[in-house]
file entry.cif (mmCIF, C-alpha atoms)
data_my_file
loop_
_atom_site.label_atom_id
_atom_site.label_comp_id
_atom_site.auth_asym_id
_atom_site.auth_seq_id
_atom_site.Cartn_x
_atom_site.Cartn_y
_atom_site.Cartn_z
CA MET A 578 79.46 112.34 95.54
CA SER A 579 82.82 111.68 97.15
CA ALA A 580 85.97 113.50 96.13
CA ASP A 581 87.36 110.40 94.43
CA SER A 582 84.27 109.54 92.45
CA TRP A 583 83.02 112.55 90.58
CA PRO A 584 80.09 111.63 88.33
CA LEU A 585 80.62 110.51 84.75
CA TRP A 586 79.63 112.86 81.91
CA GLU A 587 79.24 112.00 78.25
CA VAL A 588 80.70 114.56 75.87
CA PHE A 589 79.24 115.57 72.48
CA VAL A 590 81.05 117.93 70.11
CA ARG A 591 79.79 119.88 67.09
CA ALA A 592 82.77 119.80 64.75
CA LYS A 593 81.58 122.84 62.75
CA ARG A 594 78.48 124.80 61.98
CA GLY A 595 76.04 122.76 59.93
CA LEU A 596 76.90 119.45 61.62
CA SER A 597 75.21 117.72 64.56
CA HIS A 598 76.87 117.18 67.91
CA VAL A 599 78.56 113.77 67.93
CA HIS A 600 79.54 111.68 70.93
CA VAL A 601 83.32 111.87 71.43
CA GLY A 602 83.92 110.33 74.86
CA SER A 603 83.36 110.72 78.54
CA LEU A 604 84.99 112.27 81.59
CA HIS A 605 84.56 112.76 85.33
CA ALA A 606 83.73 116.17 86.77
CA PRO A 607 82.04 117.47 89.92
CA ASP A 608 79.58 119.72 88.06
CA ALA A 609 78.43 120.81 84.60
CA GLU A 610 80.71 123.85 84.43
CA MET A 611 83.82 121.81 85.21
CA ALA A 612 82.67 119.08 82.86
CA LEU A 613 82.49 121.62 80.02
CA ARG A 614 85.93 123.05 80.82
CA ASN A 615 87.48 119.61 81.08
CA ALA A 616 85.78 118.52 77.86
CA ARG A 617 87.32 121.50 76.08
CA ASP A 618 90.79 120.58 77.32
CA VAL A 619 90.49 116.82 76.78
CA TYR A 620 88.54 116.63 73.52
CA THR A 621 89.15 119.87 71.57
CA ARG A 622 92.87 120.61 71.84
CA ARG A 623 93.15 120.88 68.05
CA GLY A 624 90.08 122.85 67.09
CA GLU A 625 87.91 119.74 66.83
CA GLY A 626 84.77 121.65 67.77
CA VAL A 627 82.76 124.87 67.91
CA SER A 628 80.26 123.71 70.54
CA ILE A 629 80.21 121.13 73.34
CA TRP A 630 77.39 119.38 75.18
CA VAL A 631 78.00 117.45 78.41
CA ILE A 632 75.31 115.15 79.79
CA PRO A 633 75.37 113.15 83.04
CA ALA A 634 75.83 109.54 81.90
CA ASP A 635 73.14 108.32 84.29
CA GLN A 636 70.58 110.62 82.64
CA ILE A 637 70.79 108.83 79.29
CA ALA A 638 68.37 106.02 78.51
CA ALA A 639 69.54 103.46 75.95
CA SER A 640 68.00 100.56 74.09
CA SER A 641 69.56 97.29 75.18
CA PRO A 642 71.76 95.27 72.82
CA ASP A 643 69.97 92.15 74.10
CA GLU A 644 66.69 93.24 72.59
CA LYS A 645 68.36 94.51 69.44
CA ASP A 646 66.71 92.09 67.04
CA ALA A 647 63.18 92.35 68.39
CA TYR A 648 63.50 96.07 68.91
CA PHE A 649 64.49 96.88 65.36
CA ASP A 650 62.48 94.10 63.69
CA PRO A 651 59.59 96.31 62.55
CA ALA A 652 61.98 98.05 60.15
CA GLU A 653 63.18 94.79 58.61
CA ASP A 654 60.04 93.72 56.74
CA LYS A 655 59.07 97.13 55.38
CA VAL A 656 61.31 97.23 52.35
CA TYR A 657 58.73 99.41 50.59
CA ARG A 658 60.03 102.28 52.72
CA HIS A 659 63.08 102.45 50.46
CA PRO A 660 62.92 104.05 47.01
CA THR A 661 64.82 101.12 45.51
CA PHE A 662 61.70 98.96 46.16
CA TYR A 663 59.86 100.57 43.24
CA HIS A 664 60.08 99.74 39.56
CA VAL A 665 60.65 102.73 37.33
CA PRO A 666 60.17 102.24 33.56
CA GLU A 667 63.15 102.84 31.27
CA GLY A 668 63.57 106.45 30.21
CA VAL A 669 61.66 108.09 33.09
CA GLU A 670 63.79 110.81 34.62
CA HIS A 671 63.84 113.03 37.69
CA LEU A 672 62.02 110.41 39.77
CA MET B 78 84.02 108.13 71.45
CA TYR B 79 83.38 105.58 74.16
CA GLY B 80 79.66 105.07 74.45
CA ASN B 81 79.38 103.77 77.96
CA ASP B 82 76.07 102.57 76.67
CA PHE B 83 74.37 103.59 79.83
CA GLY B 84 73.40 100.45 81.61
CA THR B 85 74.39 97.28 83.32
CA GLU B 86 77.54 95.35 82.52
CA ALA B 87 77.94 93.05 79.55
CA PRO B 88 76.65 89.51 80.13
CA GLU B 89 79.33 86.85 80.30
CA ILE B 90 79.66 84.15 77.61
CA ALA B 91 82.07 81.30 76.85
CA PRO B 92 85.50 82.19 75.39
CA ASP B 93 84.55 80.43 72.14
CA ASP B 94 80.98 81.69 71.90
CA PRO B 95 80.10 81.37 68.18
CA ASP B 96 78.16 84.65 67.91
CA PHE B 97 81.00 86.54 69.56
CA LEU B 98 83.67 84.97 67.35
CA ALA B 99 81.51 85.56 64.26
CA ILE B 100 81.55 89.32 64.93
CA ILE B 101 85.34 89.23 65.29
CA ASP B 102 85.84 87.07 62.19
CA ALA B 103 83.73 89.52 60.17
CA ASP B 104 86.08 92.30 61.38
CA GLY B 105 83.16 93.75 63.33
CA ARG B 106 83.43 95.60 66.62
CA ILE B 107 82.38 94.54 70.09
CA GLU B 108 80.61 97.40 71.88
CA PRO B 109 80.29 98.00 75.63
CA ARG B 110 77.13 96.12 76.53
CA ASP B 111 77.58 93.23 74.09
CA ALA B 112 77.98 89.80 75.59
CA MET B 113 81.68 88.95 75.92
CA PRO B 114 83.90 86.31 77.55
CA GLU B 115 85.10 87.32 81.01
CA ALA B 116 88.73 86.82 79.97
CA TYR B 117 88.23 89.17 76.98
CA ARG B 118 86.88 91.84 79.32
CA LYS B 119 89.71 91.34 81.82
CA THR B 120 92.41 91.33 79.15
CA LEU B 121 91.10 94.59 77.72
CA ILE B 122 90.76 96.30 81.08
CA ARG B 123 94.33 95.31 81.98
CA GLN B 124 95.75 96.35 78.61
CA MET B 125 93.90 99.67 78.44
CA ALA B 126 94.66 100.50 82.07
CA GLN B 127 98.37 99.77 81.66
CA HIS B 128 98.40 101.83 78.50
CA ALA B 129 96.66 104.69 80.33
CA HIS B 130 99.10 104.44 83.26
CA SER B 131 101.99 104.63 80.77
CA GLU B 132 100.64 107.85 79.29
CA ILE B 133 100.27 109.37 82.76
CA ILE B 134 103.71 108.28 84.01
CA GLY B 135 105.12 109.23 80.59
CA MET B 136 104.48 112.88 81.42
CA GLN B 137 107.32 112.80 83.97
CA PRO B 138 110.48 112.24 81.91
CA GLU B 139 109.47 115.05 79.56
CA GLY B 140 108.01 117.31 82.23
CA ASN B 141 111.56 117.26 83.59
CA TRP B 142 112.67 119.47 80.68
CA ILE B 143 109.81 121.99 80.39
CA SER B 144 111.53 124.55 82.58
CA ARG B 145 114.84 124.07 80.76
CA ALA B 146 113.75 123.95 77.12
CA PRO B 147 116.23 125.91 74.96
CA SER B 148 113.67 128.36 73.54
CA LEU B 149 110.13 129.58 74.11
CA LYS B 150 109.04 127.75 70.96
CA ARG B 151 110.47 124.43 72.17
CA LYS B 152 108.95 125.01 75.60
CA ALA B 153 105.46 125.63 74.18
CA ILE B 154 105.76 122.50 72.00
CA LEU B 155 106.91 120.37 74.93
CA MET B 156 104.06 121.61 77.11
CA ALA B 157 101.55 120.76 74.37
CA LYS B 158 103.07 117.30 74.09
CA VAL B 159 102.94 116.61 77.82
CA GLN B 160 99.34 117.85 77.84
CA ASP B 161 98.58 115.38 75.04
CA GLU B 162 99.98 112.54 77.15
CA ALA B 163 97.55 113.48 79.93
CA GLY B 164 94.75 113.54 77.35
CA HIS B 165 95.74 110.12 76.02
CA GLY B 166 95.66 108.72 79.54
CA LEU B 167 92.16 110.13 80.00
CA TYR B 168 90.84 108.76 76.67
CA LEU B 169 92.09 105.32 77.70
CA TYR B 170 90.75 105.41 81.25
CA ALA B 171 87.39 106.47 79.79
CA ALA B 172 87.51 103.58 77.30
CA ALA B 173 88.36 101.11 80.08
CA GLU B 174 85.44 102.41 82.13
CA THR B 175 83.01 101.20 79.46
CA LEU B 176 83.87 97.67 80.66
CA GLY B 177 82.55 98.30 84.15
CA VAL B 178 85.55 99.55 86.13
CA ASP B 179 85.86 102.99 87.65
CA ARG B 180 88.81 105.26 86.90
CA SER B 181 89.49 105.71 90.62
CA GLU B 182 89.95 101.93 90.96
CA LEU B 183 92.50 101.96 88.12
CA VAL B 184 94.36 104.95 89.57
CA GLU B 185 94.49 103.05 92.87
CA LEU B 186 96.03 100.02 91.10
CA LEU B 187 98.70 102.27 89.62
CA ILE B 188 99.68 104.10 92.78
CA THR B 189 99.74 100.94 94.87
CA GLY B 190 101.98 99.32 92.26
CA LYS B 191 99.52 96.51 91.48
CA GLN B 192 99.42 97.41 87.79
CA LYS B 193 102.42 98.23 85.62
CA TYR B 194 103.21 100.97 83.12
CA SER B 195 105.65 100.84 80.23
CA SER B 196 109.20 100.22 81.45
CA ILE B 197 110.57 102.81 79.05
CA PHE B 198 109.54 105.59 81.43
CA ASN B 199 111.86 104.24 84.11
CA TYR B 200 114.88 105.62 82.26
CA PRO B 201 116.15 109.13 83.12
CA THR B 202 116.15 112.09 80.71
CA LEU B 203 119.69 113.38 81.08
CA THR B 204 119.97 116.02 78.34
CA TRP B 205 117.76 118.12 76.07
CA ALA B 206 118.54 115.70 73.25
CA ASP B 207 116.59 113.07 75.18
CA MET B 208 113.43 115.03 74.30
CA GLY B 209 114.34 114.43 70.67
CA ALA B 210 115.17 110.76 71.15
CA ILE B 211 111.97 110.11 73.11
CA GLY B 212 109.83 111.74 70.44
CA TRP B 213 111.58 110.00 67.55
CA LEU B 214 112.28 106.55 69.01
CA VAL B 215 109.95 106.03 71.97
CA ASP B 216 106.93 107.64 70.32
CA GLY B 217 107.92 106.02 67.04
CA ALA B 218 107.89 102.59 68.68
CA ALA B 219 104.62 103.45 70.41
CA ILE B 220 103.02 104.43 67.09
CA THR B 221 104.17 101.16 65.50
CA ASN B 222 102.51 99.30 68.36
CA GLN B 223 99.40 101.46 68.34
CA VAL B 224 98.45 101.80 64.68
CA PRO B 225 97.18 98.17 64.52
CA LEU B 226 95.17 98.85 67.70
CA CYS B 227 93.06 101.33 65.71
CA ARG B 228 91.44 98.16 64.31
CA CYS B 229 91.15 96.41 67.68
CA SER B 230 87.94 94.40 68.05
CA TYR B 231 86.78 96.43 71.05
CA GLY B 232 85.13 99.58 69.68
CA PRO B 233 85.88 102.09 72.45
CA TYR B 234 89.57 101.08 72.52
CA ALA B 235 89.88 101.31 68.73
CA ARG B 236 88.27 104.76 68.69
CA ALA B 237 90.58 106.01 71.44
CA MET B 238 93.58 104.69 69.53
CA ILE B 239 92.60 106.46 66.30
CA ARG B 240 92.60 109.74 68.16
CA ILE B 241 95.86 108.96 69.97
CA CYS B 242 97.69 107.93 66.79
CA LYS B 243 96.73 111.19 65.06
CA GLU B 244 98.24 113.15 67.93
CA GLU B 245 101.31 110.93 68.29
CA SER B 246 102.51 111.76 64.81
CA PHE B 247 103.10 115.35 65.96
CA HIS B 248 105.09 113.92 68.87
CA GLN B 249 107.32 111.85 66.64
CA ARG B 250 107.97 114.64 64.16
CA GLN B 251 108.87 117.18 66.82
CA GLY B 252 111.35 114.67 68.27
CA PHE B 253 112.88 114.05 64.87
CA GLU B 254 113.18 117.80 64.32
CA ILE B 255 114.93 118.33 67.68
CA LEU B 256 117.49 115.66 66.77
CA TRP B 257 117.93 116.95 63.23
CA THR B 258 118.59 120.46 64.53
CA LEU B 259 121.13 119.20 67.08
CA SER B 260 122.73 116.83 64.60
CA HIS B 261 123.31 119.72 62.18
CA GLY B 262 124.48 122.12 64.89
CA THR B 263 127.85 122.37 66.59
CA GLU B 264 130.05 119.36 67.21
CA ALA B 265 128.96 119.28 70.86
CA GLN B 266 125.29 119.41 69.87
CA HIS B 267 125.79 116.58 67.40
CA ALA B 268 127.50 114.52 70.11
CA MET B 269 124.63 115.20 72.49
CA ALA B 270 122.12 113.95 69.91
CA GLN B 271 124.20 110.84 69.25
CA ASP B 272 124.52 110.11 72.96
CA ALA B 273 120.73 110.30 73.41
CA VAL B 274 120.13 107.93 70.49
CA ASP B 275 122.76 105.55 71.87
CA ARG B 276 120.94 105.39 75.20
CA TRP B 277 117.34 105.18 73.90
CA TRP B 278 117.74 102.75 70.98
CA TRP B 279 117.79 99.44 72.86
CA PRO B 280 115.13 100.36 75.43
CA SER B 281 112.90 101.41 72.49
CA LEU B 282 113.30 97.97 70.88
CA MET B 283 112.34 96.40 74.21
CA MET B 284 109.08 98.36 74.19
CA PHE B 285 107.67 95.69 71.86
CA GLY B 286 107.90 93.17 74.67
CA PRO B 287 109.61 89.79 74.93
CA PRO B 288 110.29 87.67 71.82
CA ASP B 289 107.25 85.80 70.44
CA ALA B 290 108.54 82.48 71.75
CA GLU B 291 108.39 83.82 75.32
CA SER B 292 105.27 85.97 75.07
CA THR B 293 102.31 84.71 77.07
CA HIS B 294 99.48 86.87 75.76
CA THR B 295 99.87 86.81 72.00
CA ALA B 296 97.81 83.79 70.85
CA GLN B 297 94.55 84.43 72.69
CA SER B 298 94.72 88.18 72.08
CA GLY B 299 95.28 87.46 68.40
CA ARG B 300 92.24 85.20 68.18
CA TRP B 301 90.10 87.89 69.80
CA GLY B 302 91.28 90.65 67.49
CA ILE B 303 92.95 92.60 70.28
CA LYS B 304 96.49 92.13 69.02
CA ARG B 305 96.90 91.81 65.27
CA PHE B 306 100.67 91.42 64.96
CA THR B 307 103.24 89.72 67.16
CA ASN B 308 105.91 91.50 69.20
CA ASP B 309 108.66 90.44 66.80
CA GLU B 310 106.71 91.49 63.69
CA LEU B 311 106.13 94.96 65.10
CA ARG B 312 109.73 95.28 66.30
CA GLN B 313 111.00 94.41 62.82
CA ARG B 314 108.62 96.93 61.25
CA PHE B 315 109.96 99.63 63.58
CA VAL B 316 113.61 98.81 62.79
CA ASP B 317 112.90 98.88 59.04
CA MET B 318 111.28 102.30 59.27
CA THR B 319 113.83 103.79 61.63
CA VAL B 320 117.16 102.86 60.02
CA PRO B 321 116.65 105.09 56.93
CA GLN B 322 115.49 107.92 59.20
CA SER B 323 118.70 107.64 61.23
CA GLU B 324 120.66 108.06 58.01
CA ALA B 325 118.69 111.21 57.21
CA LEU B 326 119.48 112.51 60.69
CA GLY B 327 123.18 111.85 60.24
CA LEU B 328 123.20 109.74 63.42
CA THR B 329 124.14 106.11 63.91
CA LEU B 330 122.25 103.41 65.77
CA PRO B 331 124.31 101.61 68.43
CA ASP B 332 124.16 98.13 66.93
CA PRO B 333 127.20 96.74 65.06
CA ASP B 334 125.06 93.86 63.74
CA LEU B 335 122.59 96.13 61.97
CA THR B 336 122.77 95.07 58.31
CA TRP B 337 120.45 95.12 55.32
CA ASN B 338 119.30 91.64 54.37
CA ALA B 339 118.48 91.69 50.65
CA GLU B 340 117.03 88.19 50.85
CA THR B 341 114.37 88.98 53.45
CA GLY B 342 114.03 92.65 52.54
CA HIS B 343 114.49 93.59 56.18
CA TRP B 344 117.19 95.00 58.43
CA ASP B 345 118.84 92.32 60.59
CA PHE B 346 119.68 93.54 64.07
CA GLY B 347 121.67 92.29 67.03
CA GLU B 348 120.41 90.28 69.94
CA ILE B 349 118.44 92.21 72.55
CA ASP B 350 119.48 91.84 76.17
CA PHE B 351 116.10 91.12 77.71
CA THR B 352 117.52 90.53 81.17
CA GLU B 353 117.66 94.32 81.41
CA LEU B 354 113.98 94.63 80.46
CA PHE B 355 112.92 92.11 83.07
CA GLU B 356 115.00 93.86 85.73
CA VAL B 357 113.28 97.17 84.91
CA ILE B 358 109.84 95.49 84.96
CA LYS B 359 110.67 94.03 88.37
CA GLY B 360 111.22 97.55 89.64
CA ASN B 361 115.00 97.73 89.41
CA GLY B 362 115.23 100.33 86.64
CA PRO B 363 117.02 103.62 87.22
CA CYS B 364 113.85 105.65 87.96
CA ASN B 365 111.09 103.21 89.08
CA ALA B 366 110.97 104.44 92.67
CA GLN B 367 111.18 108.10 91.65
CA ARG B 368 108.32 107.83 89.10
CA MET B 369 106.02 106.08 91.55
CA ALA B 370 106.86 108.46 94.40
CA HIS B 371 106.15 111.46 92.18
CA ARG B 372 102.82 110.02 90.99
CA ARG B 373 101.71 109.29 94.56
CA ARG B 374 102.74 112.73 95.73
CA ALA B 375 100.84 114.41 92.88
CA HIS B 376 97.76 112.34 93.73
CA ASP B 377 97.94 113.15 97.44
CA GLU B 378 98.68 116.82 96.89
CA GLY B 379 95.67 117.07 94.56
CA ALA B 380 93.29 115.63 97.16
CA TRP B 381 92.21 119.04 98.49
CA VAL B 382 91.25 120.15 94.96
CA ARG B 383 89.03 117.09 94.49
CA GLU B 384 87.48 117.62 97.92
CA ALA B 385 86.88 121.34 97.34
CA ALA B 386 85.20 120.71 93.99
CA ALA B 387 82.94 118.06 95.51
CA ALA B 388 82.06 120.33 98.45
CA TYR B 389 81.29 123.24 96.12
CA GLU B 390 78.94 121.11 94.04
CA ALA B 391 77.22 119.77 97.19
CA LYS B 392 76.65 123.34 98.39
CA ARG B 393 75.33 124.43 95.00
CA ALA B 394 72.97 121.45 94.82
CA ALA B 395 71.67 122.17 98.35
CA ARG B 396 71.05 125.83 97.47
CA THR B 397 69.23 124.86 94.26
CA SER B 398 66.89 122.53 96.14
CA GLU B 399 66.25 125.18 98.83
CA GLU B 400 65.26 127.67 96.13
CA ALA B 401 63.01 125.07 94.56
CA VAL B 402 61.20 124.61 97.90
CA ALA B 403 60.88 128.38 98.46
#
call {"tool": "encode", "arguments": {"input": "entry.cif", "output": "structure tokens"}}
result
Amino acid sequence: MSADSWPLWEVFVRAKRGLSHVHVGSLHAPDAEMALRNARDVYTRRGEGVSIWVIPADQIAASSPDEKDAYFDPAEDKVYRHPTFYHVPEGVEHL
Amino acid sequence: MYGNDFGTEAPEIAPDDPDFLAIIDADGRIEPRDAMPEAYRKTLIRQMAQHAHSEIIGMQPEGNWISRAPSLKRKAILMAKVQDEAGHGLYLYAAAETLGVDRSELVELLITGKQKYSSIFNYPTLTWADMGAIGWLVDGAAITNQVPLCRCSYGPYARAMIRICKEESFHQRQGFEILWTLSHGTEAQHAMAQDAVDRWWWPSLMMFGPPDAESTHTAQSGRWGIKRFTNDELRQRFVDMTVPQSEALGLTLPDPDLTWNAETGHWDFGEIDFTELFEVIKGNGPCNAQRMAHRRRAHDEGAWVREAAAAYEAKRAARTSEEAVA
């Protein structure tokens, strides 16, 4: 790590209790502690969060957009996974 | 917000690739690792970088007044605003990085003068009323430019702009309030407010760029969903919004040709002297050299902080691995 190329961190913020952390952006920092402090100053200046996660960007594995179709195909032909697939007779409630 | 999407760069495709254009025509968003034309990527990097540079340089004219703000309240507000400008610069550098450049490369392009920032920041801030005029007019013009960018076809840029626009509206209102307070104060305060508006009005109109007939980027950027309105459309929108606000402020705008046109439903305004804009872009504005010198000095003087932080982390990492071995 050189002084001019601190690693990249991805920042996730929990907006309030009861909600998941959501990705809000990225920043450069030399270590986790500085990444958290910088994330607070850059991404929560107006009370946008109650909790922050920072994760080194190179530690995240992602599915590739190129394989998007093949990768998500198995979900496409299983329409019976959705409740709207099923016929419910007239007048049946709470189902 | 940005989703660097954690992998190799986007594959290159032709500028008229049908799948790419179909996403744009459906008002969809292009995300970091999607295939995209090289010129689309380059246009976005340049536009986002120049926007980021403008936010960073834009801290200077206002930073000039932090130590001389007329009250503690105004000082705290101004500090929060300047801090926001730094934040906006960082959101935009982060968004640009999703296209495969590194922030340090972009900073280098700024401090070596190879990339530009908005010419508006090459004007001096002579009085406290300039803080009002910058917030009301300069930030007002910026918002007019930026609101359509919230729907830009490139996802990370659009998301950054949504956040920026939310924060800019505080900037514009605080500027309006400064001018309103001065305008309704003593005669000297009113005159100071009027003088600031007189100096900032025309440069603010030039922020929208050259007239459509002379603009080189508009057509291709429009097709790609980067720019949704032309320079002249946005300029007109800004004038139409601002004239009634000037009346509420009790201040006049320095344009004798400013008249309501009932036929078009718009305010007609006088001809803009673009030779001035081009001179400022070329580097001959009142503060170009000063802004660049200050930015370079801040970068150089911060070098020891960056080095110390890197050295500290290297030491910590070495100690952690030693402990792991023991």
call {"tool": "closest_atom_pairs", "arguments": {"input": "entry.cif", "of": "chain A", "to": "chain B", "cutoff": "10 Å", "atoms": "all atoms listed in the file", "output": "Markdown table"}}
result
| residue | atom | partner | partner_atom | distance |
| --- | --- | --- | --- | --- |
| A:Met578 | CA | B:Ala387 | CA | 6.7 |
| A:Ser579 | CA | B:Ala387 | CA | 6.6 |
| A:Ala580 | CA | B:Glu384 | CA | 4.7 |
| A:Asp581 | CA | B:Ser181 | CA | 6.4 |
| A:Ser582 | CA | B:Ser181 | CA | 6.7 |
| A:Trp583 | CA | B:Ala387 | CA | 7.4 |
| A:Leu585 | CA | B:Ala171 | CA | 9.3 |
| A:Trp586 | CA | B:Asn81 | CA | 9.9 |
| A:Glu587 | CA | B:Gly80 | CA | 7.9 |
| A:Val588 | CA | B:Met78 | CA | 8.5 |
| A:Phe589 | CA | B:Met78 | CA | 8.9 |
| A:Val599 | CA | B:Met78 | CA | 8.6 |
| A:His600 | CA | B:Met78 | CA | 5.7 |
| A:Val601 | CA | B:Met78 | CA | 3.8 |
| A:Gly602 | CA | B:Met78 | CA | 4.1 |
| A:Ser603 | CA | B:Ala171 | CA | 6.0 |
| A:Leu604 | CA | B:Ala171 | CA | 6.5 |
| A:His605 | CA | B:Arg180 | CA | 8.8 |
| A:Ala606 | CA | B:Ala386 | CA | 8.7 |
| A:Pro607 | CA | B:Ala387 | CA | 5.7 |
| A:Asp608 | CA | B:Glu390 | CA | 6.2 |
| A:Ala609 | CA | B:Glu390 | CA | 9.5 |
| A:Met611 | CA | B:Ala386 | CA | 9.0 |
| A:Asp618 | CA | B:Gly164 | CA | 8.1 |
| A:Val619 | CA | B:Gly164 | CA | 5.4 |
| A:Tyr620 | CA | B:Gly164 | CA | 7.9 |
| A:Arg622 | CA | B:Asp161 | CA | 8.4 |
| A:Arg623 | CA | B:Glu244 | CA | 9.3 |
| A:Ala634 | CA | B:Phe83 | CA | 6.5 |
| A:Asp635 | CA | B:Phe83 | CA | 6.6 |
| A:Gln636 | CA | B:Phe83 | CA | 8.5 |
| A:Ile637 | CA | B:Phe83 | CA | 6.4 |
| A:Ala638 | CA | B:Phe83 | CA | 6.6 |
| A:Ala639 | CA | B:Phe83 | CA | 6.2 |
| A:Ser640 | CA | B:Asp82 | CA | 8.7 |
| A:Ser641 | CA | B:Arg110 | CA | 7.8 |
| A:Pro642 | CA | B:Asp111 | CA | 6.3 |
| A:Asp643 | CA | B:Asp111 | CA | 7.7 |
call {"tool": "resolve_selection", "arguments": {"input": "entry.cif", "expression": "the PyMOL selection byres ((chain B and resi 269) around 9)", "output": "list in words"}}
result
Thr204, Trp205, Ala206, Asp207, Leu259, Ser260, Glu264, Ala265, Gln266, His267, Ala268, Ala270, Gln271, Asp272, Ala273 and Val274 of chain B
call {"tool": "closest_residue", "arguments": {"input": "entry.cif", "among": "B:Leu155, B:Lys150, B:Met369, B:Glu254", "to": "His130 in chain B", "atoms": "only C-alpha atoms"}}
result
B:Met369
call {"tool": "atom_distance", "arguments": {"input": "entry.cif", "atom1": "CA of Asn199 in chain B", "atom2": "CA of Val357 in chain B"}}
result
7.3 Å
call {"tool": "atom_distance", "arguments": {"input": "entry.cif", "atom1": "CA of Cys229 in chain B", "atom2": "CA of Phe306 in chain B"}}
result
11.1 Å
call {"tool": "closest_residue", "arguments": {"input": "entry.cif", "among": "B:Arg312, B:Arg374, B:Arg276, B:Arg123", "to": "Gln192 in chain B", "atoms": "all atoms listed in the file"}}
result
B:Arg123
call {"tool": "atom_distance", "arguments": {"input": "entry.cif", "atom1": "CA of Trp277 in chain B", "atom2": "CA of Ala210 in chain B"}}
result
6.6 Å
call {"tool": "residues_around", "arguments": {"input": "entry.cif", "residues": "Arg617 in chain A", "least_positions_apart": "4", "cutoff": "10 Å", "atoms": "only C-alpha atoms", "output": "PDB file with C-alpha atoms, keeping the file's coordinate frame"}}
result
ATOM      1  CA  VAL A 588      80.700 114.560  75.870  1.00  0.00           C
ATOM      2  CA  VAL A 590      81.050 117.930  70.110  1.00  0.00           C
ATOM      3  CA  MET A 611      83.820 121.810  85.210  1.00  0.00           C
ATOM      4  CA  ALA A 612      82.670 119.080  82.860  1.00  0.00           C
ATOM      5  CA  LEU A 613      82.490 121.620  80.020  1.00  0.00           C
ATOM      6  CA  THR A 621      89.150 119.870  71.570  1.00  0.00           C
ATOM      7  CA  ARG A 622      92.870 120.610  71.840  1.00  0.00           C
ATOM      8  CA  ARG A 623      93.150 120.880  68.050  1.00  0.00           C
ATOM      9  CA  GLY A 624      90.080 122.850  67.090  1.00  0.00           C
ATOM     10  CA  GLU A 625      87.910 119.740  66.830  1.00  0.00           C
ATOM     11  CA  GLY A 626      84.770 121.650  67.770  1.00  0.00           C
ATOM     12  CA  VAL A 627      82.760 124.870  67.910  1.00  0.00           C
ATOM     13  CA  SER A 628      80.260 123.710  70.540  1.00  0.00           C
ATOM     14  CA  ILE A 629      80.210 121.130  73.340  1.00  0.00           C
TER      15      ILE A 629
END
call {"tool": "residues_around", "arguments": {"input": "entry.cif", "residues": "range 215-223 of chain B", "least_positions_apart": "4", "cutoff": "6 Å", "atoms": "all atoms listed in the file", "output": "tab-separated table (two decimals) with C-alpha atoms, keeping the file's coordinate frame"}}
result
chain	number	residue	atom	x	y	z
B	211	ILE	CA	111.97	110.11	73.11
B	249	GLN	CA	107.32	111.85	66.64
B	281	SER	CA	112.90	101.41	72.49
call {"tool": "residues_near_point", "arguments": {"input": "entry.cif", "point": "(74.8, 118.1, 70.2)", "cutoff": "6 Å", "atoms": "all atoms listed in the file", "output": "PyMOL selection string"}}
result
chain A and resi 589+597-598+630
call {"tool": "residues_near_point", "arguments": {"input": "entry.cif", "point": "(117.3, 90.4, 77.5)", "cutoff": "12 Å", "atoms": "only C-alpha atoms", "output": "list in words"}}
result
Trp279, Pro280, Leu282, Met283, Met284, Gly286, Pro287, Pro288, Glu291, Gly347, Glu348, Ile349, Asp350, Phe351, Thr352, Glu353, Leu354, Phe355, Glu356, Val357 and Ile358 of chain B
call {"tool": "resolve_selection", "arguments": {"input": "entry.cif", "expression": "the PyMOL selection byres ((chain B and resi 115-121) around 12)", "output": "number ranges by chain"}}
result
B: 86-94, 97-98, 107-114, 122-129, 169-170, 172-178, 226, 229-235, 294-295, 297-304
call {"tool": "residues_around", "arguments": {"input": "entry.cif", "residues": "Arg373 in chain B", "least_positions_apart": "5", "cutoff": "12 Å", "atoms": "only C-alpha atoms", "output": "list in words"}}
result
Ile133, Ile134, Val184, Glu185, Leu186, Leu187, Ile188, Thr189, Gly190, Ala366, Gln367, Arg368, Glu378, Gly379 and Ala380 of chain B
call {"tool": "residues_around", "arguments": {"input": "entry.cif", "residues": "Gly140 in chain B", "least_positions_apart": "2", "cutoff": "10 Å", "atoms": "only C-alpha atoms", "output": "PyMOL selection string"}}
result
chain B and resi 135-138+142-145+155-156+158-160+202+208
call {"tool": "closest_residue", "arguments": {"input": "entry.cif", "among": "B:Pro331, B:Gly362, B:Pro321, B:Gly262", "to": "His343 in chain B", "atoms": "all atoms listed in the file"}}
result
B:Pro321
